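Just my_file_33.pdb here, PDB, C-alpha atoms:
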```
ATOM      1  CA  MET A   1     128.946 105.376 102.385
ATOM      2  CA  PRO A   2     129.841 102.006 103.994
ATOM      3  CA  GLY A   3     130.088  99.097 101.561
ATOM      4  CA  LEU A   4     130.470 101.299  98.447
ATOM      5  CA  LEU A   5     133.719 101.455  96.542
ATOM      6  CA  SER A   6     135.438 104.338  94.776
ATOM      7  CA  GLU A   7     135.228 104.422  90.960
ATOM      8  CA  SER A   8     138.683 102.905  90.501
ATOM      9  CA  SER A   9     138.074 100.344  93.237
ATOM     10  CA  ALA A  10     134.706  99.515  91.698
ATOM     11  CA  GLU A  11     136.289  98.827  88.315
ATOM     12  CA  GLN A  12     138.869  96.646  90.035
ATOM     13  CA  ALA A  13     136.122  94.752  91.901
ATOM     14  CA  VAL A  14     134.207  94.138  88.669
ATOM     15  CA  ALA A  15     137.321  92.884  86.916
ATOM     16  CA  GLU A  16     138.126  90.620  89.867
ATOM     17  CA  MET A  17     134.609  89.184  89.948
ATOM     18  CA  ASN A  18     134.592  88.605  86.191
ATOM     19  CA  SER A  19     137.886  86.738  86.397
ATOM     20  CA  LYS A  20     136.944  84.739  89.487
ATOM     21  CA  TYR A  21     133.470  83.536  88.449
ATOM     22  CA  ALA A  22     132.232  82.207  85.133
ATOM     23  CA  ILE A  23     129.571  84.277  83.388
ATOM     24  CA  LEU A  24     126.745  82.273  81.819
ATOM     25  CA  SER A  25     124.304  83.628  79.255
ATOM     26  CA  SER A  26     120.572  82.913  79.343
ATOM     27  CA  ASP A  27     121.093  80.453  76.480
ATOM     28  CA  GLU A  28     123.708  78.499  78.411
ATOM     29  CA  VAL A  29     121.582  78.288  81.556
ATOM     30  CA  ALA A  30     118.488  77.273  79.574
ATOM     31  CA  GLU A  31     120.512  74.553  77.870
ATOM     32  CA  ARG A  32     121.461  73.084  81.247
ATOM     33  CA  ILE A  33     117.858  73.173  82.482
ATOM     34  CA  LEU A  34     116.503  71.555  79.312
ATOM     35  CA  ALA A  35     119.202  68.894  79.509
ATOM     36  CA  ASN A  36     117.955  68.139  83.055
ATOM     37  CA  GLU A  37     121.414  68.853  84.403
ATOM     38  CA  SER A  38     120.990  67.516  87.954
ATOM     39  CA  ARG A  39     124.549  68.367  88.970
ATOM     40  CA  THR A  40     123.874  72.105  88.708
ATOM     41  CA  LEU A  41     121.851  74.139  91.221
ATOM     42  CA  LEU A  42     120.403  77.613  90.630
ATOM     43  CA  ILE A  43     120.454  80.015  93.604
ATOM     44  CA  ASP A  44     118.062  82.992  93.724
ATOM     45  CA  CYS A  45     119.403  85.909  95.808
ATOM     46  CA  ARG A  46     116.317  88.159  95.647
ATOM     47  CA  SER A  47     113.729  88.757  98.354
ATOM     48  CA  LEU A  48     111.477  85.861  99.314
ATOM     49  CA  PHE A  49     108.480  87.840  98.096
ATOM     50  CA  ALA A  50     110.072  88.268  94.661
ATOM     51  CA  PHE A  51     111.023  84.574  94.563
ATOM     52  CA  THR A  52     107.500  83.367  95.342
ATOM     53  CA  THR A  53     106.179  85.669  92.630
ATOM     54  CA  VAL A  54     108.400  84.306  89.856
ATOM     55  CA  HIS A  55     111.676  82.398  89.607
ATOM     56  CA  ILE A  56     113.625  80.102  87.302
ATOM     57  CA  LYS A  57     112.457  76.492  87.400
ATOM     58  CA  GLY A  58     114.444  74.390  89.836
ATOM     59  CA  ALA A  59     115.996  77.359  91.642
ATOM     60  CA  ILE A  60     116.273  77.502  95.424
ATOM     61  CA  HIS A  61     115.981  80.694  97.457
ATOM     62  CA  VAL A  62     118.560  82.155  99.832
ATOM     63  CA  ASN A  63     117.112  84.721 102.219
ATOM     64  CA  CYS A  64     119.598  87.560 101.834
ATOM     65  CA  SER A  65     117.933  90.149 104.035
ATOM     66  CA  SER A  66     120.226  92.721 105.626
ATOM     67  CA  ILE A  67     120.231  90.607 108.803
ATOM     68  CA  GLY A  68     121.179  87.475 106.880
ATOM     69  CA  ARG A  69     123.948  89.265 104.955
ATOM     70  CA  LYS A  70     125.336  90.714 108.175
ATOM     71  CA  ARG A  71     125.429  87.300 109.868
ATOM     72  CA  LEU A  72     127.164  85.783 106.820
ATOM     73  CA  LEU A  73     129.807  88.516 106.808
ATOM     74  CA  GLN A  74     130.365  88.038 110.546
ATOM     75  CA  GLY A  75     130.681  84.281 110.139
ATOM     76  CA  LYS A  76     127.754  83.702 112.511
ATOM     77  CA  THR A  77     125.767  81.621 110.050
ATOM     78  CA  LYS A  78     126.281  79.468 106.975
ATOM     79  CA  LEU A  79     124.647  79.887 103.599
ATOM     80  CA  LYS A  80     122.641  76.689 103.988
ATOM     81  CA  ASP A  81     121.019  78.134 107.108
ATOM     82  CA  LEU A  82     119.553  80.989 105.020
ATOM     83  CA  ILE A  83     117.899  78.702 102.469
ATOM     84  CA  SER A  84     114.158  79.259 102.748
ATOM     85  CA  SER A  85     112.831  75.712 102.301
ATOM     86  CA  LYS A  86     113.642  72.248 103.579
ATOM     87  CA  GLU A  87     113.711  70.928 100.014
ATOM     88  CA  GLY A  88     116.132  73.695  99.065
ATOM     89  CA  LYS A  89     118.477  72.798 101.930
ATOM     90  CA  GLU A  90     118.422  69.151 100.863
ATOM     91  CA  LYS A  91     119.308  70.115  97.300
ATOM     92  CA  TYR A  92     122.115  72.392  98.473
ATOM     93  CA  ILE A  93     123.859  69.767 100.604
ATOM     94  CA  SER A  94     123.322  66.976  98.070
ATOM     95  CA  SER A  95     126.571  65.277  97.086
ATOM     96  CA  SER A  96     125.376  65.155  93.472
ATOM     97  CA  ILE A  97     125.540  68.959  93.120
ATOM     98  CA  GLN A  98     128.829  69.996  91.543
ATOM     99  CA  SER A  99     128.205  73.557  90.365
ATOM    100  CA  PHE A 100     126.112  76.571  91.346
ATOM    101  CA  ILE A 101     124.579  79.333  89.221
ATOM    102  CA  VAL A 102     123.706  82.486  91.164
ATOM    103  CA  TYR A 103     121.315  85.198  90.006
ATOM    104  CA  ASP A 104     119.283  88.203  91.134
ATOM    105  CA  ASP A 105     116.956  90.536  89.224
ATOM    106  CA  LEU A 106     119.525  91.918  86.790
ATOM    107  CA  THR A 107     122.873  90.391  87.820
ATOM    108  CA  SER A 108     124.859  93.181  86.244
ATOM    109  CA  THR A 109     128.496  93.821  86.996
ATOM    110  CA  GLU A 110     127.322  96.932  88.858
ATOM    111  CA  ASP A 111     126.161  94.598  91.637
ATOM    112  CA  PHE A 112     129.813  93.863  92.375
ATOM    113  CA  THR A 113     130.676  97.474  93.121
ATOM    114  CA  SER A 114     129.044  97.093  96.543
ATOM    115  CA  SER A 115     130.766  94.693  98.908
ATOM    116  CA  LYS A 116     127.460  94.268 100.749
ATOM    117  CA  SER A 117     125.191  93.427  97.806
ATOM    118  CA  ALA A 118     123.366  90.122  98.235
ATOM    119  CA  ILE A 119     124.799  88.465  95.119
ATOM    120  CA  CYS A 120     128.330  89.577  95.946
ATOM    121  CA  ILE A 121     128.118  88.107  99.457
ATOM    122  CA  VAL A 122     126.583  84.837  98.214
ATOM    123  CA  LEU A 123     129.282  84.434  95.565
ATOM    124  CA  GLN A 124     132.019  85.146  98.102
ATOM    125  CA  THR A 125     130.497  82.699 100.583
ATOM    126  CA  LEU A 126     130.214  79.931  97.996
ATOM    127  CA  SER A 127     133.788  80.608  96.942
ATOM    128  CA  LYS A 128     135.021  80.253 100.531
ATOM    129  CA  GLU A 129     133.165  76.931 100.718
ATOM    130  CA  GLY A 130     135.126  75.757  97.681
ATOM    131  CA  LYS A 131     132.139  75.598  95.312
ATOM    132  CA  ASP A 132     132.234  75.757  91.525
ATOM    133  CA  ILE A 133     130.360  79.011  90.864
ATOM    134  CA  SER A 134     129.017  81.061  87.992
ATOM    135  CA  PHE A 135     126.501  83.864  87.688
ATOM    136  CA  LEU A 136     123.718  84.479  85.203
ATOM    137  CA  LYS A 137     124.375  87.470  82.985
ATOM    138  CA  GLY A 138     121.356  89.787  82.916
ATOM    139  CA  GLY A 139     119.676  87.978  85.818
ATOM    140  CA  LEU A 140     116.065  86.869  85.989
ATOM    141  CA  LYS A 141     114.768  89.733  83.872
ATOM    142  CA  GLU A 142     116.910  88.841  80.883
ATOM    143  CA  PHE A 143     116.342  85.102  81.315
ATOM    144  CA  CYS A 144     112.554  85.298  81.516
ATOM    145  CA  LYS A 145     112.450  87.628  78.520
ATOM    146  CA  ASN A 146     114.133  84.927  76.440
ATOM    147  CA  TYR A 147     112.853  81.782  78.170
ATOM    148  CA  GLU A 148     109.432  82.554  79.610
ATOM    149  CA  SER A 149     108.471  78.853  79.671
ATOM    150  CA  LEU A 150     111.364  78.114  82.033
ATOM    151  CA  CYS A 151     110.181  80.637  84.618
ATOM    152  CA  GLU A 152     107.524  79.637  87.100
ATOM    153  CA  ASN A 153     105.277  81.152  89.738
ATOM    154  CA  ALA A 154     105.008  79.624  93.182
ATOM    155  CA  SER A 155     101.269  80.335  93.076
ATOM    156  CA  SER A 156      99.118  78.389  90.617
ATOM    157  CA  ARG A 157      96.512  81.167  90.585
ATOM    158  CA  ALA A 158      97.647  84.066  88.437
ATOM    159  CA  CYS A 159      95.509  86.666  90.205
ATOM    160  CA  ASP A 160      96.959  85.699  93.577
ATOM    161  CA  VAL A 161     100.312  87.059  92.465
ATOM    162  CA  VAL A 162     101.164  90.601  93.489
ATOM    163  CA  THR A 163     103.367  92.417  90.979
ATOM    164  CA  PRO A 164     106.920  92.711  92.319
ATOM    165  CA  SER A 165     108.187  96.089  93.404
ATOM    166  CA  ASN A 166     111.006  96.044  90.829
ATOM    167  CA  ASP A 167     110.524  96.732  87.133
ATOM    168  CA  PHE A 168     110.116  93.090  86.108
ATOM    169  CA  THR A 169     107.009  92.692  83.940
ATOM    170  CA  LEU A 170     104.818  89.607  84.276
ATOM    171  CA  THR A 171     103.727  87.765  81.168
ATOM    172  CA  ALA A 172     100.257  88.274  79.749
ATOM    173  CA  THR A 173      98.965  85.054  81.316
ATOM    174  CA  GLU A 174     100.245  86.110  84.732
ATOM    175  CA  ARG A 175      98.744  89.602  84.707
ATOM    176  CA  CYS A 176      95.597  90.505  86.626
ATOM    177  CA  GLU A 177      93.418  93.531  86.872
ATOM    178  CA  PRO A 178      95.233  96.055  89.088
ATOM    179  CA  ARG A 179      94.192  96.040  92.731
ATOM    180  CA  PRO A 180      94.173  98.992  95.077
ATOM    181  CA  ARG A 181      97.194  98.630  97.305
ATOM    182  CA  GLY A 182      98.238 100.337 100.469
ATOM    183  CA  PRO A 183     101.565 100.119 102.301
ATOM    184  CA  PRO A 184     102.934  96.648 103.135
ATOM    185  CA  ALA A 185     101.607  96.999 106.702
ATOM    186  CA  SER A 186      99.321  99.520 108.431
ATOM    187  CA  ALA A 187      98.936  99.912 112.202
ATOM    188  CA  ILE A 188      95.250  99.530 113.109
ATOM    189  CA  LEU A 189      95.697  99.182 116.884
ATOM    190  CA  PRO A 190      98.933  99.300 118.903
ATOM    191  CA  PHE A 191      99.246  95.506 118.616
ATOM    192  CA  LEU A 192      97.368  94.895 115.336
ATOM    193  CA  TYR A 193      98.719  95.439 111.836
ATOM    194  CA  LEU A 194      96.871  94.930 108.558
ATOM    195  CA  GLY A 195      98.882  94.293 105.416
ATOM    196  CA  SER A 196      99.672  92.494 102.204
ATOM    197  CA  GLU A 197     101.726  89.521 101.081
ATOM    198  CA  GLU A 198     104.521  91.964 100.358
ATOM    199  CA  GLY A 199     104.575  93.005 104.007
ATOM    200  CA  ALA A 200     104.387  89.411 105.225
ATOM    201  CA  ALA A 201     107.448  88.560 103.112
ATOM    202  CA  ASP A 202     109.542  91.517 104.268
ATOM    203  CA  GLU A 203     111.624  90.167 107.131
ATOM    204  CA  GLU A 204     113.250  93.516 107.871
ATOM    205  CA  LEU A 205     109.813  95.142 108.175
ATOM    206  CA  ILE A 206     108.487  92.334 110.377
ATOM    207  CA  ASP A 207     111.461  92.661 112.714
ATOM    208  CA  ARG A 208     111.357  96.460 112.767
ATOM    209  CA  LEU A 209     107.676  96.406 113.781
ATOM    210  CA  ALA A 210     108.370  93.653 116.360
ATOM    211  CA  ILE A 211     105.678  91.421 114.839
ATOM    212  CA  THR A 212     105.860  87.817 116.046
ATOM    213  CA  PHE A 213     102.325  86.583 115.227
ATOM    214  CA  ILE A 214     101.121  86.389 111.609
ATOM    215  CA  LEU A 215      97.583  85.522 110.536
ATOM    216  CA  ASN A 216      97.623  84.442 106.881
ATOM    217  CA  ILE A 217      94.167  84.732 105.246
ATOM    218  CA  THR A 218      95.033  83.155 101.879
ATOM    219  CA  GLU A 219      95.065  79.775 100.224
ATOM    220  CA  MET A 220      98.339  80.109  98.356
ATOM    221  CA  CYS A 221     100.645  82.544 100.121
ATOM    222  CA  PRO A 222     103.383  80.726 102.084
ATOM    223  CA  ASN A 223     104.156  81.331 105.733
ATOM    224  CA  PHE A 224     107.457  82.940 104.848
ATOM    225  CA  PHE A 225     109.330  82.714 108.152
ATOM    226  CA  SER A 226     107.767  79.650 109.769
ATOM    227  CA  HIS A 227     111.279  78.248 110.211
ATOM    228  CA  ARG A 228     111.969  80.913 112.838
ATOM    229  CA  PRO A 229     111.221  79.700 116.378
ATOM    230  CA  ASP A 230     110.078  83.177 117.476
ATOM    231  CA  MET A 231     107.363  83.423 114.797
ATOM    232  CA  HIS A 232     103.810  82.146 115.337
ATOM    233  CA  TYR A 233     101.586  81.476 112.321
ATOM    234  CA  LYS A 234      97.973  80.630 111.688
ATOM    235  CA  GLN A 235      96.707  80.175 108.143
ATOM    236  CA  ILE A 236      92.997  80.318 107.348
ATOM    237  CA  LYS A 237      92.534  79.385 103.708
ATOM    238  CA  ILE A 238      89.985  81.761 102.221
ATOM    239  CA  ASN A 239      89.327  82.846  98.640
ATOM    240  CA  ASP A 240      88.384  86.420  97.828
ATOM    241  CA  SER A 241      85.081  85.304  96.289
ATOM    242  CA  TYR A 242      81.360  85.858  96.542
ATOM    243  CA  GLN A 243      80.819  82.244  97.635
ATOM    244  CA  GLU A 244      83.243  82.163 100.568
ATOM    245  CA  ASP A 245      81.794  81.941 104.090
ATOM    246  CA  ILE A 246      84.380  84.102 105.797
ATOM    247  CA  GLY A 247      82.132  84.672 108.800
ATOM    248  CA  LYS A 248      82.575  81.130 110.120
ATOM    249  CA  HIS A 249      86.274  81.908 110.642
ATOM    250  CA  PHE A 250      85.869  85.142 112.617
ATOM    251  CA  GLU A 251      86.095  83.613 116.090
ATOM    252  CA  GLU A 252      89.122  81.478 115.197
ATOM    253  CA  ALA A 253      90.894  84.544 113.832
ATOM    254  CA  ILE A 254      89.914  86.671 116.835
ATOM    255  CA  ARG A 255      91.263  84.064 119.268
ATOM    256  CA  PHE A 256      94.633  84.095 117.505
ATOM    257  CA  ILE A 257      94.843  87.892 117.575
ATOM    258  CA  ASP A 258      93.837  87.911 121.245
ATOM    259  CA  GLU A 259      96.526  85.339 122.004
ATOM    260  CA  ALA A 260      99.132  87.713 120.597
ATOM    261  CA  ARG A 261      97.697  90.681 122.514
ATOM    262  CA  ALA A 262      97.493  88.761 125.802
ATOM    263  CA  ASN A 263     101.169  87.849 125.533
ATOM    264  CA  GLY A 264     102.232  91.406 124.780
ATOM    265  CA  ASN A 265     103.027  90.627 121.148
ATOM    266  CA  ARG A 266     102.128  92.259 117.859
ATOM    267  CA  VAL A 267     100.224  90.521 115.078
ATOM    268  CA  LEU A 268     100.023  91.060 111.322
ATOM    269  CA  VAL A 269      96.813  90.033 109.546
ATOM    270  CA  HIS A 270      97.374  89.770 105.810
ATOM    271  CA  CYS A 271      96.020  88.466 102.535
ATOM    272  CA  HIS A 272      97.515  89.205  99.125
ATOM    273  CA  ALA A 273      96.779  92.906  98.846
ATOM    274  CA  GLY A 274      95.551  93.765 102.358
ATOM    275  CA  VAL A 275      92.295  95.016 100.859
ATOM    276  CA  SER A 276      89.450  92.504 101.205
ATOM    277  CA  ARG A 277      89.952  89.261 103.171
ATOM    278  CA  SER A 278      92.358  90.484 105.851
ATOM    279  CA  ALA A 279      90.514  93.810 106.060
ATOM    280  CA  THR A 280      87.270  91.953 106.774
ATOM    281  CA  VAL A 281      88.915  90.018 109.612
ATOM    282  CA  ALA A 282      90.429  93.215 111.012
ATOM    283  CA  VAL A 283      87.044  94.943 111.024
ATOM    284  CA  ALA A 284      85.445  91.950 112.780
ATOM    285  CA  TYR A 285      88.182  92.023 115.416
ATOM    286  CA  VAL A 286      87.828  95.748 116.034
ATOM    287  CA  MET A 287      84.041  95.326 116.389
ATOM    288  CA  LYS A 288      84.471  92.726 119.116
ATOM    289  CA  HIS A 289      87.569  94.090 120.867
ATOM    290  CA  LEU A 290      86.344  97.691 121.097
ATOM    291  CA  GLY A 291      82.617  96.960 121.186
ATOM    292  CA  LEU A 292      81.985  99.083 118.108
ATOM    293  CA  SER A 293      79.247  98.952 115.513
ATOM    294  CA  LEU A 294      80.144  97.706 112.033
ATOM    295  CA  ASN A 295      80.018 101.251 110.702
ATOM    296  CA  ASP A 296      82.342 102.636 113.388
ATOM    297  CA  ALA A 297      84.753  99.692 113.185
ATOM    298  CA  TYR A 298      84.899  99.930 109.396
ATOM    299  CA  ASN A 299      85.584 103.657 109.548
ATOM    300  CA  LEU A 300      88.365 103.153 112.099
ATOM    301  CA  VAL A 301      90.118 100.556 109.937
ATOM    302  CA  LYS A 302      89.510 102.611 106.789
ATOM    303  CA  GLU A 303      91.097 105.648 108.426
ATOM    304  CA  LYS A 304      94.215 103.638 109.265
ATOM    305  CA  ARG A 305      94.345 101.870 105.866
ATOM    306  CA  PRO A 306      92.368 103.803 103.218
ATOM    307  CA  SER A 307      92.817 101.123 100.546
ATOM    308  CA  ILE A 308      90.555  98.548 102.249
ATOM    309  CA  SER A 309      87.574  97.376 100.198
ATOM    310  CA  PRO A 310      85.967  94.108 101.379
ATOM    311  CA  ASN A 311      83.831  92.498  98.684
ATOM    312  CA  LEU A 312      80.047  92.670  99.063
ATOM    313  CA  ASN A 313      79.813  89.070 100.229
ATOM    314  CA  PHE A 314      82.253  89.770 103.053
ATOM    315  CA  MET A 315      80.378  92.932 104.018
ATOM    316  CA  GLY A 316      77.257  90.773 104.281
ATOM    317  CA  HIS A 317      79.043  88.466 106.710
ATOM    318  CA  LEU A 318      80.125  91.463 108.778
ATOM    319  CA  LEU A 319      76.498  92.656 108.932
ATOM    320  CA  LYS A 320      75.439  89.183 110.044
ATOM    321  CA  TYR A 321      78.214  89.163 112.674
ATOM    322  CA  GLU A 322      77.012  92.526 114.001
ATOM    323  CA  LYS A 323      73.424  91.277 114.173
ATOM    324  CA  ASN A 324      74.436  88.093 116.018
ATOM    325  CA  ARG A 325      76.448  90.113 118.525
ATOM    326  CA  LYS A 326      73.483  92.381 119.225
ATOM    327  CA  ASN A 327      71.178  89.389 119.674
ATOM    328  CA  ALA A 328      73.628  87.845 122.144
ATOM    329  CA  GLU A 329      73.712  90.952 124.341
TER     330      GLU A 329
END
```
Go ahead and render the structure in this file as structure tokens.
Amino acid sequence: MPGLLSESSAEQAVAEMNSKYAILSSDEVAERILANESRTLLIDCRSLFAFTTVHIKGAIHVNCSSIGRKRLLQGKTKLKDLISSKEGKEKYISSSIQSFIVYDDLTSTEDFTSSKSAICIVLQTLSKEGKDISFLKGGLKEFCKNYESLCENASSRACDVVTPSNDFTLTATERCEPRPRGPPASAILPFLYLGSEEGAADEELIDRLAITFILNITEMCPNFFSHRPDMHYKQIKINDSYQEDIGKHFEEAIRFIDEARANGNRVLVHCHAGVSRSATVAVAYVMKHLGLSLNDAYNLVKEKRPSISPNLNFMGHLLKYEKNRKNAE
């Protein structure tokens, strides 16, 4: 299999990595953070979705999707170009930064047995750039187990956080009641996809489905790839609550979806779980676009994505939308 080494070669690669880069324990990294060590920068090599769920305080994110790794290996891009935020880029190029600590979920030496693993490529790239590099032994999982207070969520609302797909366990204060969840993205119409934050953060999925318009129906979820010139975003900040007037946003959302359709593009409508807010918008769109009743539109969307379950308040707004459409005919 390309990128994988034989057992003897793997052992050699591990030994080479261990000799080339310093290994820091969780205690050593925590000591630097608590000492406000401004000359050291932490680099997170996991997916953007995982990073926005939880990361070490002060860390920046490098988007190491398969496309990004390939471009790095081919020399077609630089590491700074894969940093996900403007603030992160500024930190990375700062002259005050003298050393870099790289981590992923587990950061075990097994990661170095694949020449195409994200952490391996990032370490090699930093080395070529002449940086002083080390990696965190045990990765984020080990660090957060020992230093929970030094790990932070990008979202300030615990129940807006979707549990990562790996085996990392959130702390008690970050846990929510489990939500029904479908796949990251479900095709509702040939040009319309309904999904979750996980789908919106999966760049490989977005590219594979040829999605270039993304309608974000959340308050807290970032527009993950807004830095890409080919991506078009609209964010409508809505809570999944019984007080939210989601109906007043239907026409704005429908116009954005129609813009994508008219230009021959595909659009993803998402919230955090792809169950309530985004599902409500998708049903409203299907009602108008196909001229269907609420019942028929709901059943169509439900057939394509069985996990949908708009809250009762949102269902009330859909009933009102149906009534207003009938009155306007």
Pull out every residue that the PyMOL selection byres ((chain A and resi 134) around 7) matches in the shown coordinates and put them as a compact mmCIF listing (two decimals) with C-alpha atoms, keeping the file's coordinate frame.
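Output file expr38.txt is given in full below:
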```txt
# COMPACT_ATOMS: atom_id res chain seq x y z
CA TYR A 21 133.47 83.54 88.45
CA ALA A 22 132.23 82.21 85.13
CA ILE A 23 129.57 84.28 83.39
CA LEU A 24 126.74 82.27 81.82
CA PHE A 100 126.11 76.57 91.35
CA ILE A 101 124.58 79.33 89.22
CA VAL A 102 123.71 82.49 91.16
CA ILE A 133 130.36 79.01 90.86
CA PHE A 135 126.50 83.86 87.69
CA LEU A 136 123.72 84.48 85.20
```
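Here the PyMOL selection byres ((chain A and resi 85) around 12) catches exactly these residues: Leu48, Phe51, Thr52, Ala59, Ile60, His61, Val62, Asn63, Lys80, Asp81, Leu82, Ile83, Ser84, Lys86, Glu87, Gly88, Lys89, Glu90, Lys91, Tyr92, Pro222, Asn223, Phe224, Phe225, Ser226, His227 and Arg228 of chain A.
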Deliver the residues from the most recent selection as a file, using C-alpha atoms, as an mmCIF file, in the coordinates of the input.
```
data_model
loop_
_atom_site.group_PDB
_atom_site.id
_atom_site.type_symbol
_atom_site.label_atom_id
_atom_site.label_comp_id
_atom_site.auth_asym_id
_atom_site.auth_seq_id
_atom_site.Cartn_x
_atom_site.Cartn_y
_atom_site.Cartn_z
ATOM 1 C CA LEU A 48 111.477 85.861 99.314
ATOM 2 C CA PHE A 51 111.023 84.574 94.563
ATOM 3 C CA THR A 52 107.500 83.367 95.342
ATOM 4 C CA ALA A 59 115.996 77.359 91.642
ATOM 5 C CA ILE A 60 116.273 77.502 95.424
ATOM 6 C CA HIS A 61 115.981 80.694 97.457
ATOM 7 C CA VAL A 62 118.560 82.155 99.832
ATOM 8 C CA ASN A 63 117.112 84.721 102.219
ATOM 9 C CA LYS A 80 122.641 76.689 103.988
ATOM 10 C CA ASP A 81 121.019 78.134 107.108
ATOM 11 C CA LEU A 82 119.553 80.989 105.020
ATOM 12 C CA ILE A 83 117.899 78.702 102.469
ATOM 13 C CA SER A 84 114.158 79.259 102.748
ATOM 14 C CA LYS A 86 113.642 72.248 103.579
ATOM 15 C CA GLU A 87 113.711 70.928 100.014
ATOM 16 C CA GLY A 88 116.132 73.695 99.065
ATOM 17 C CA LYS A 89 118.477 72.798 101.930
ATOM 18 C CA GLU A 90 118.422 69.151 100.863
ATOM 19 C CA LYS A 91 119.308 70.115 97.300
ATOM 20 C CA TYR A 92 122.115 72.392 98.473
ATOM 21 C CA PRO A 222 103.383 80.726 102.084
ATOM 22 C CA ASN A 223 104.156 81.331 105.733
ATOM 23 C CA PHE A 224 107.457 82.940 104.848
ATOM 24 C CA PHE A 225 109.330 82.714 108.152
ATOM 25 C CA SER A 226 107.767 79.650 109.769
ATOM 26 C CA HIS A 227 111.279 78.248 110.211
ATOM 27 C CA ARG A 228 111.969 80.913 112.838
#
```
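Residue nearest Leu73 of chain A within the list A:Thr280, A:Ser117, A:Asn313, A:Thr53: A:Ser117 [criterion: smallest interatomic distance, only C-alpha atoms].
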ask   = Suppose you want the space between atom CA of Glu198 of chain A and atom CA of Leu215 of chain A; what is it in Å?
value =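 Atom-to-atom, atom CA of Glu198 of chain A to atom CA of Leu215 of chain A, that is 13.9 Å.
For the pair atom CA of Val54 of chain A and atom CA of Glu152 of chain A, the separation is 5.5 Å.
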key: Among the residues A:Asn265, A:Ser94, A:Asn146, A:Ser65, the one that comes closest to Ala118 of chain A [using all atoms listed in the file]   =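 Once distances to Ala118 of chain A are computed over all atoms listed in the file, the minimum belongs to A:Ser65.
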request  = Using only C-alpha atoms, determine which residues lie at most 7 Å from Ile254 of chain A, disregarding the query and same-chain residues fewer than 4 positions distant; provide the list as a PyMOL selection string.
outcome  = chain A and resi 250+258+285
inquiry  = I'd like the neighbourhood of Ile33 of chain A as an MDAnalysis selection string, where a residue qualifies if any of its atoms comes within 12 Å (using only C-alpha atoms), though same-chain residues fewer than 2 positions away should be ignored.
reply    = chainID A and resid 26:31 35:42 56:59 101 147 149:151
query = Care to translate the PyMOL selection byres ((chain A and resi 320-323) around 12) into actual residues of this file, as an NGL selection string?
reply = :A and (245-251 or 280-281 or 283-288 or 291-298 or 313-319 or 324-329)
task = Go through A:Pro306, A:Ile206, A:Asn299, A:Pro184 and flag the residue nearest Cys271 of chain A, using only C-alpha atoms for the distances.
result = A:Pro184
request  = Can you work out which one of A:Asp230, A:Glu203, A:Glu259, A:Asp104 has the shortest atom-to-atom distance to Lys141 of chain A, counting only C-alpha atoms?
outcome  =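 So, comparing all the options, the nearest one is A:Asp104.
Comparing A:Gly199, A:Arg32, A:Lys20, A:Leu72 by their smallest distance to Asp132 of chain A, the closest is A:Lys20 (using only C-alpha atoms).
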